[in-house]
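*Asks:* Quick one, structure_39.cif (mmCIF, C-alpha atoms):
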```cif
data_target
#
loop_
_atom_site.label_atom_id
_atom_site.label_comp_id
_atom_site.auth_asym_id
_atom_site.auth_seq_id
_atom_site.Cartn_x
_atom_site.Cartn_y
_atom_site.Cartn_z
CA MET N 2 136.72 147.00 133.34
CA LYS N 3 137.21 145.87 129.73
CA THR N 4 138.55 149.33 128.88
CA LYS N 5 141.19 149.10 131.65
CA ILE N 6 142.31 145.66 130.51
CA LEU N 7 142.55 146.85 126.90
CA GLY N 8 144.59 149.88 127.95
CA LEU N 9 146.97 147.71 129.96
CA PHE N 10 147.43 145.34 127.02
CA ILE N 11 148.24 148.25 124.66
CA ALA N 12 150.78 149.61 127.15
CA LEU N 13 152.49 146.21 127.34
CA ILE N 14 152.86 145.83 123.55
CA PRO N 15 156.11 147.91 123.28
CA LEU N 16 157.61 146.03 126.24
CA LEU N 17 156.75 142.68 124.71
CA ALA N 18 158.23 143.74 121.38
CA PHE N 19 161.40 144.96 123.10
CA SER N 20 161.73 141.68 125.00
CA GLN N 21 161.27 139.74 121.77
CA GLU N 22 164.03 141.80 120.10
CA ASN N 23 166.35 141.11 123.04
CA ILE N 24 165.68 137.38 122.80
CA GLN N 25 166.37 137.45 119.06
CA ALA N 26 169.57 139.49 119.59
CA LYS N 27 170.79 136.97 122.17
CA GLU N 28 170.00 134.11 119.83
CA THR N 29 171.73 135.78 116.83
CA PRO N 30 175.39 134.77 116.62
CA TYR N 31 177.61 137.81 116.05
CA ILE N 32 181.19 139.01 115.75
CA GLU N 33 182.63 142.19 117.31
CA VAL N 34 185.50 144.08 115.71
CA LEU N 35 187.31 147.42 115.77
CA GLY N 36 187.79 149.38 112.56
CA GLN N 37 190.16 152.32 112.01
CA GLY N 38 190.47 155.05 109.42
CA GLU N 39 193.40 157.42 108.92
CA MET N 40 194.23 160.32 106.64
CA GLU N 41 196.94 162.97 106.42
CA ILE N 42 196.13 166.32 104.83
CA VAL N 43 198.20 169.41 104.11
CA PRO N 44 196.67 172.41 105.92
CA ASP N 45 195.43 175.29 103.78
CA GLN N 46 194.60 177.56 106.74
CA ILE N 47 197.57 178.68 108.84
CA TYR N 48 196.83 181.16 111.63
CA ILE N 49 199.61 183.52 112.72
CA SER N 50 199.29 185.46 115.97
CA PHE N 51 201.33 188.60 116.69
CA THR N 52 201.25 191.88 118.60
CA LEU N 53 201.89 195.50 117.67
CA LYS N 54 202.94 197.92 120.40
CA GLU N 55 203.59 201.61 120.53
CA ARG N 56 207.32 202.16 120.84
CA PHE N 57 209.95 204.89 120.93
CA GLU N 58 212.76 205.36 118.45
CA GLY N 59 214.93 207.84 120.29
CA LYS N 60 212.50 210.49 121.48
CA LYS N 61 210.03 209.85 118.69
CA LYS N 62 206.95 207.83 119.57
CA ILE N 63 205.84 205.36 116.88
CA GLU N 64 202.07 205.38 117.18
CA LEU N 65 200.11 202.15 117.00
CA GLU N 66 197.82 203.53 114.29
CA ASP N 67 200.80 204.31 112.04
CA GLN N 68 202.23 200.80 112.55
CA GLU N 69 198.89 199.26 111.63
CA LYS N 70 198.67 201.31 108.42
CA GLU N 71 202.18 200.30 107.44
CA MET N 72 201.43 196.64 108.16
CA LYS N 73 198.27 196.68 106.03
CA LYS N 74 200.09 198.27 103.09
CA LYS N 75 202.81 195.62 103.24
CA LEU N 76 200.23 192.82 103.49
CA MET N 77 198.43 194.14 100.42
CA LYS N 78 201.74 194.12 98.52
CA LEU N 79 201.97 190.43 99.37
CA GLU N 80 198.45 190.07 97.87
CA ILE N 81 197.01 189.05 101.22
CA ASP N 82 193.31 189.76 101.67
CA LEU N 83 192.88 192.11 104.63
CA ASN N 84 189.66 190.25 105.45
CA ASP N 85 191.95 187.48 106.68
CA LEU N 86 193.39 189.86 109.30
CA GLN N 87 191.49 190.29 112.55
CA LEU N 88 191.98 191.27 116.15
CA ALA N 89 192.78 188.26 118.31
CA ASP N 90 190.23 189.53 120.81
CA ALA N 91 187.35 190.97 118.83
CA ALA N 92 185.78 192.38 121.99
CA SER N 93 188.55 194.91 122.55
CA ASP N 94 190.12 197.43 120.19
CA PHE N 95 193.43 197.75 122.02
CA ILE N 96 195.07 197.15 125.36
CA LYS N 97 196.92 199.81 127.33
CA ILE N 98 199.97 198.69 129.24
CA LYS N 99 201.25 200.83 132.11
CA ARG N 100 204.95 201.24 131.53
CA LYS N 101 205.58 203.99 134.08
CA LYS N 102 203.38 206.23 136.15
CA GLN N 103 203.27 208.86 133.41
CA ASP N 104 203.58 206.65 130.34
CA VAL N 105 200.97 204.33 128.81
CA ILE N 106 201.83 202.05 125.90
CA ALA N 107 198.99 200.79 123.67
CA SER N 108 199.10 197.38 122.01
CA LYS N 109 196.94 195.23 119.75
CA ASP N 110 196.92 191.46 119.30
CA TYR N 111 196.21 190.20 115.77
CA LEU N 112 195.41 186.94 114.04
CA LEU N 113 196.24 186.51 110.36
CA LYS N 114 195.21 183.59 108.15
CA VAL N 115 197.40 182.48 105.24
CA SER N 116 197.05 179.48 102.95
CA THR N 117 200.58 178.45 101.96
CA THR N 118 203.92 178.02 103.67
CA GLY N 119 205.51 180.34 101.10
CA THR N 120 203.19 183.14 102.17
CA LEU N 121 203.83 182.19 105.79
CA ALA N 122 207.58 182.76 105.40
CA ARG N 123 207.01 186.12 103.73
CA VAL N 124 204.65 187.22 106.48
CA PHE N 125 207.23 186.40 109.16
CA GLU N 126 209.77 188.51 107.27
CA LEU N 127 207.25 191.35 107.14
CA LEU N 128 206.55 191.08 110.87
CA ASP N 129 210.27 191.30 111.57
CA GLU N 130 210.48 194.41 109.40
CA ILE N 131 207.73 196.22 111.33
CA ASN N 132 209.04 195.06 114.73
CA ALA N 133 205.99 193.00 115.65
CA PHE N 134 206.07 191.10 118.95
CA ASN N 135 205.29 187.45 119.81
CA ALA N 136 204.86 186.31 116.20
CA ASP N 137 203.99 182.61 116.19
CA ILE N 138 201.80 180.00 114.54
CA GLN N 139 198.71 179.63 116.68
CA ARG N 140 197.04 176.74 114.85
CA VAL N 141 196.49 175.11 111.46
CA ASP N 142 193.32 173.86 109.84
CA HIS N 143 191.80 172.90 106.50
CA SER N 144 188.85 174.50 104.73
CA GLU N 145 187.31 171.07 104.04
CA ILE N 146 188.14 169.40 107.34
CA LYS N 147 184.52 168.31 107.95
CA LYS N 148 184.40 166.46 104.62
CA PHE N 149 187.68 164.68 105.39
CA ARG N 150 186.48 163.68 108.86
CA LYS N 151 183.40 162.05 107.34
CA GLU N 152 185.54 160.18 104.83
CA VAL N 153 187.83 158.83 107.55
CA LYS N 154 184.88 157.70 109.70
CA MET N 155 183.35 155.91 106.70
CA GLN N 156 186.72 154.31 106.09
CA ALA N 157 186.74 153.04 109.69
CA VAL N 158 183.30 151.43 109.29
CA GLN N 159 184.30 149.83 105.98
CA GLU N 160 187.45 148.44 107.54
CA ALA N 161 185.41 146.99 110.42
CA LYS N 162 183.14 145.15 107.98
CA GLU N 163 186.10 143.93 105.93
CA LYS N 164 187.84 142.69 109.07
CA ALA N 165 184.74 140.84 110.22
CA GLY N 166 184.49 139.26 106.78
CA TYR N 167 187.99 137.83 106.60
CA LEU N 168 187.94 136.67 110.23
CA LEU N 169 184.73 134.75 109.64
CA SER N 170 186.02 133.31 106.37
CA ALA N 171 188.66 131.48 108.41
CA ILE N 172 185.90 129.36 109.93
CA GLY N 173 183.74 129.11 106.83
CA GLU N 174 181.19 131.75 107.88
CA THR N 175 180.06 135.02 106.29
CA VAL N 176 179.31 138.43 107.72
CA GLY N 177 175.68 139.53 108.01
CA LYS N 178 173.94 142.83 108.72
CA PRO N 179 175.34 145.26 111.30
CA LEU N 180 173.78 144.97 114.76
CA PHE N 181 175.65 147.79 116.47
CA ILE N 182 178.14 150.51 115.43
CA GLN N 183 179.71 152.96 117.87
CA GLU N 184 182.24 155.69 117.16
CA ARG N 185 185.20 155.59 119.52
CA GLU N 186 187.31 158.48 120.78
CA SER N 187 188.75 160.50 117.93
CA PHE N 188 191.58 162.98 117.69
CA ASP N 189 193.44 165.25 115.28
CA GLU N 190 197.19 165.50 115.58
CA PHE N 191 199.50 168.14 114.21
CA GLN N 192 202.71 169.82 115.28
CA PRO N 193 202.91 173.22 113.57
CA MET N 194 206.27 174.46 112.42
CA ARG N 195 207.46 177.23 114.72
CA LYS N 196 208.69 180.61 113.58
CA SER N 197 212.27 179.72 114.49
CA ALA N 198 212.18 176.82 112.04
CA MET N 199 210.72 179.02 109.34
CA MET N 200 213.30 181.77 109.64
CA VAL N 201 216.55 179.77 109.54
CA MET N 202 217.43 180.85 106.03
CA ASP N 203 220.63 182.72 105.20
CA ALA N 204 220.55 186.18 103.64
CA ALA N 205 221.42 184.92 100.16
CA VAL N 206 218.39 182.60 100.10
CA GLN N 207 216.09 185.32 101.45
CA GLU N 208 217.04 187.67 98.61
CA GLU N 209 215.97 185.11 96.04
CA ALA N 210 212.49 183.75 95.47
CA LEU N 211 211.48 181.84 98.58
CA PRO N 212 210.90 178.11 98.06
CA GLU N 213 207.61 176.50 99.03
CA LEU N 214 208.43 174.98 102.40
CA SER N 215 206.98 171.72 103.62
CA PHE N 216 204.54 171.82 106.52
CA GLN N 217 203.50 169.31 109.13
CA LYS N 218 200.35 167.55 107.95
CA ILE N 219 197.13 167.27 109.90
CA LYS N 220 196.56 163.65 110.87
CA LEU N 221 192.98 162.47 111.21
CA LYS N 222 192.37 159.15 112.93
CA TYR N 223 189.03 157.65 113.94
CA SER N 224 187.94 154.22 115.13
CA VAL N 225 184.61 152.44 115.46
CA PHE N 226 183.39 149.44 117.44
CA ALA N 227 181.06 147.29 115.35
CA ARG N 228 178.98 144.17 115.87
CA PHE N 229 177.87 142.14 112.85
CA ALA N 230 175.54 139.19 112.64
CA ILE N 231 176.98 135.89 111.45
CA LYS N 232 174.97 134.43 108.60
#
```
As structure tokens, please, write out the structure in this file.
*Replies:*
Amino acid sequence: MKTKILGLFIALIPLLAFSQENIQAKETPYIEVLGQGEMEIVPDQIYISFTLKERFEGKKKIELEDQEKEMKKKLMKLEIDLNDLQLADAASDFIKIKRKKQDVIASKDYLLKVSTTGTLARVFELLDEINAFNADIQRVDHSEIKKFRKEVKMQAVQEAKEKAGYLLSAIGETVGKPLFIQERESFDEFQPMRKSAMMVMDAAVQEEALPELSFQKIKLKYSVFARFAIK
């Protein structure tokens, strides 16, 4: 009997402690605030998608393999690492498109990563030269995006504490320890520059050294909900 009572008492200890914490939390005066952090960064990873297709020039068929070799040679001349070139769908080598009953046209979809807008403009010129299809900017990113996200979230928490501090100072109080911090919905915003915007340069400009073009920045924005004790 004593053993059962002792076991029941031990089982109730966490519940009693939890209840005590709740009572203390209710008795502790607090302030609730929202904090935000923002940052804009220039992308250093720009992903270009495009397609190569077998085609005919007169009666001569331009094989896909020959187009790919030519493309790789031109990319190397631009000092682009071929490791940054990959098939858009790694699971398939190429796609065959039925053009007529007796004719099958092969195609490949590619994804190429570049790091600057200057290189981006040169790549689009190259793709025009080799008659690539559907060339476009698929997405942009940054090699240190995780580090920047952490910094922005920390900024949001710091702003929340600062806000709580100056609000309480208006009534002669000071901010205490944090009681609760919750990250709110976050999002990254960017509008990549389209190919059409990149290629509106007259022939005279294209013959000269291409300028480094500006690019839409990646905008990071995060917010937190925080509750601080009032001292």
*Asks:* Go through N:Glu71, N:Asp82, N:Glu160, N:Glu184 one by one, measure the shortest atom-to-atom distance of each to Glu39 in chain N using all atoms listed in the file, and give the residue with the smallest value.
*Replies:* N:Glu160
*Asks:* What gap, in Å, lies between CA of Phe229 in chain N and CA of Leu180 in chain N?
*Replies:*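 Here the two named atoms are 5.3 Å from each other.
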*Asks:* Find the spatial neighbours of Thr175 in chain N, counting all atoms listed in the file, within a cut-off of 10 Å - ignore same-chain residues fewer than 5 positions away - and output them as a PyMOL selection string.
*Replies:* chain N and resi 165-170+229-232
*Asks:* Dump C-alpha atoms for the selected residues as an mmCIF file, in the coordinates of the input?
*Replies:*
```
data_model
loop_
_atom_site.group_PDB
_atom_site.id
_atom_site.type_symbol
_atom_site.label_atom_id
_atom_site.label_comp_id
_atom_site.auth_asym_id
_atom_site.auth_seq_id
_atom_site.Cartn_x
_atom_site.Cartn_y
_atom_site.Cartn_z
ATOM 1 C CA ALA N 165 184.740 140.840 110.220
ATOM 2 C CA GLY N 166 184.490 139.260 106.780
ATOM 3 C CA TYR N 167 187.990 137.830 106.600
ATOM 4 C CA LEU N 168 187.940 136.670 110.230
ATOM 5 C CA LEU N 169 184.730 134.750 109.640
ATOM 6 C CA SER N 170 186.020 133.310 106.370
ATOM 7 C CA PHE N 229 177.870 142.140 112.850
ATOM 8 C CA ALA N 230 175.540 139.190 112.640
ATOM 9 C CA ILE N 231 176.980 135.890 111.450
ATOM 10 C CA LYS N 232 174.970 134.430 108.600
#
```
*Asks:* Which residues are close to Asp67 in chain N, i.e. within 12 Å by only C-alpha atoms, leaving aside same-chain residues fewer than 4 positions away? Reply as a list of chain:residue names.
*Replies:*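 Everything that qualifies: N:Leu53, N:Lys54, N:Glu55, N:Arg56, N:Lys62, N:Ile63, N:Glu71, N:Met72, N:Lys73, N:Lys74, N:Ile131.
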*Asks:* Which value, in Å to one decimal, gives the distance between CA of Arg140 in chain N and CA of Ser108 in chain N?
*Replies:*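 So the two atoms, CA of Arg140 in chain N and CA of Ser108 in chain N, lie 21.9 Å apart.
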*Asks:* For Lys148 in chain N, which residue out of N:Asp129, N:Glu28, N:Val34, N:Ile42 is the nearest one, using only C-alpha atoms?
*Replies:*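 Closest to Lys148 in chain N, using only C-alpha atoms: N:Ile42.
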*Asks:* Could you write out as a PyMOL selection string the residues that the PyMOL selection byres ((chain N and resi 88) around 6) matches in the shown file?
*Replies:* chain N and resi 87+89-91+110-112
*Asks:* Tell me, as an mmCIF file with C-alpha atoms, in the frame of the given file, which residues lie within 8 Å of Ile47 in chain N, counting all atoms listed in the file; anything in the same chain fewer than 2 positions away does not count.
*Replies:*
```cif
data_model
loop_
_atom_site.group_PDB
_atom_site.id
_atom_site.type_symbol
_atom_site.label_atom_id
_atom_site.label_comp_id
_atom_site.auth_asym_id
_atom_site.auth_seq_id
_atom_site.Cartn_x
_atom_site.Cartn_y
_atom_site.Cartn_z
ATOM 1 C CA PRO N 44 196.670 172.410 105.920
ATOM 2 C CA ASP N 45 195.430 175.290 103.780
ATOM 3 C CA ILE N 49 199.610 183.520 112.720
ATOM 4 C CA LYS N 114 195.210 183.590 108.150
ATOM 5 C CA VAL N 115 197.400 182.480 105.240
ATOM 6 C CA SER N 116 197.050 179.480 102.950
ATOM 7 C CA THR N 117 200.580 178.450 101.960
ATOM 8 C CA LEU N 121 203.830 182.190 105.790
ATOM 9 C CA ILE N 138 201.800 180.000 114.540
ATOM 10 C CA GLN N 139 198.710 179.630 116.680
ATOM 11 C CA ARG N 140 197.040 176.740 114.850
ATOM 12 C CA VAL N 141 196.490 175.110 111.460
ATOM 13 C CA ASP N 142 193.320 173.860 109.840
#
```
*Asks:* Report the residues retrieved by the PyMOL selection byres ((chain N and resi 150) around 12) from the displayed file, expressed as a list of chain:residue names.
*Replies:*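 Those residues are N:Gly38, N:Glu39, N:Met40, N:Glu41, N:Ile42, N:His143, N:Ser144, N:Glu145, N:Ile146, N:Lys147, N:Lys148, N:Phe149, N:Lys151, N:Glu152, N:Val153, N:Lys154, N:Met155, N:Gln156, N:Ala157, N:Ser187, N:Phe188, N:Asp189, N:Ile219, N:Lys220, N:Leu221, N:Lys222, N:Tyr223, N:Ser224.
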*Asks:* Quick check, in Å to one decimal: how far apart do CA of Leu65 in chain N and CA of Ala122 in chain N lie?
*Replies:*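 Those two atoms sit 23.8 Å apart.
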*Asks:* N:Leu86, N:Glu126, N:Lys78, N:Ile182: which is nearest Ile32 in chain N, counting only C-alpha atoms?
*Replies:* N:Ile182
*Asks:* Got a sec: who's within 10 Å of Arg185 in chain N, counting only C-alpha atoms, leaving out chain neighbours fewer than 4 positions off, as a VMD selection string?
*Replies:* chain N and resid 35 to 37 223 to 226
*Asks:* Residues at most 8 Å from Asn135 in chain N, counting all atoms listed in the file, excluding those fewer than 6 positions away in the same chain, as a short mmCIF file (atom, residue, chain, number, x, y, z; two decimals) with C-alpha atoms, in the coordinates of the input?
*Replies:*
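Ended up saving to result00.cif:
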```
data_model
loop_
_atom_site.label_atom_id
_atom_site.label_comp_id
_atom_site.auth_asym_id
_atom_site.auth_seq_id
_atom_site.Cartn_x
_atom_site.Cartn_y
_atom_site.Cartn_z
CA SER N 50 199.29 185.46 115.97
CA PHE N 51 201.33 188.60 116.69
CA THR N 52 201.25 191.88 118.60
#
```
*Asks:* In terms of the shortest atom-to-atom distance over all atoms listed in the file, which of N:Ala227, N:Leu76, N:Leu127, N:Leu83 is closest to Phe181 in chain N?
*Replies:* N:Ala227
*Asks:* For each of N:Asp85, N:Glu80, N:Glu33, N:Glu58, take the minimum atom-to-atom distance to Gln183 in chain N, counting all atoms listed in the file, then give the residue where this is smallest.
*Replies:*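 The closest residue to Gln183 in chain N is N:Glu33.
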*Asks:* Nearest to Thr29 in chain N among N:Lys218, N:Lys61, N:Lys178, N:Lys75, with distances taken over only C-alpha atoms: which residue is it?
*Replies:*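 The answer is N:Lys178, which sits nearest to Thr29 in chain N.
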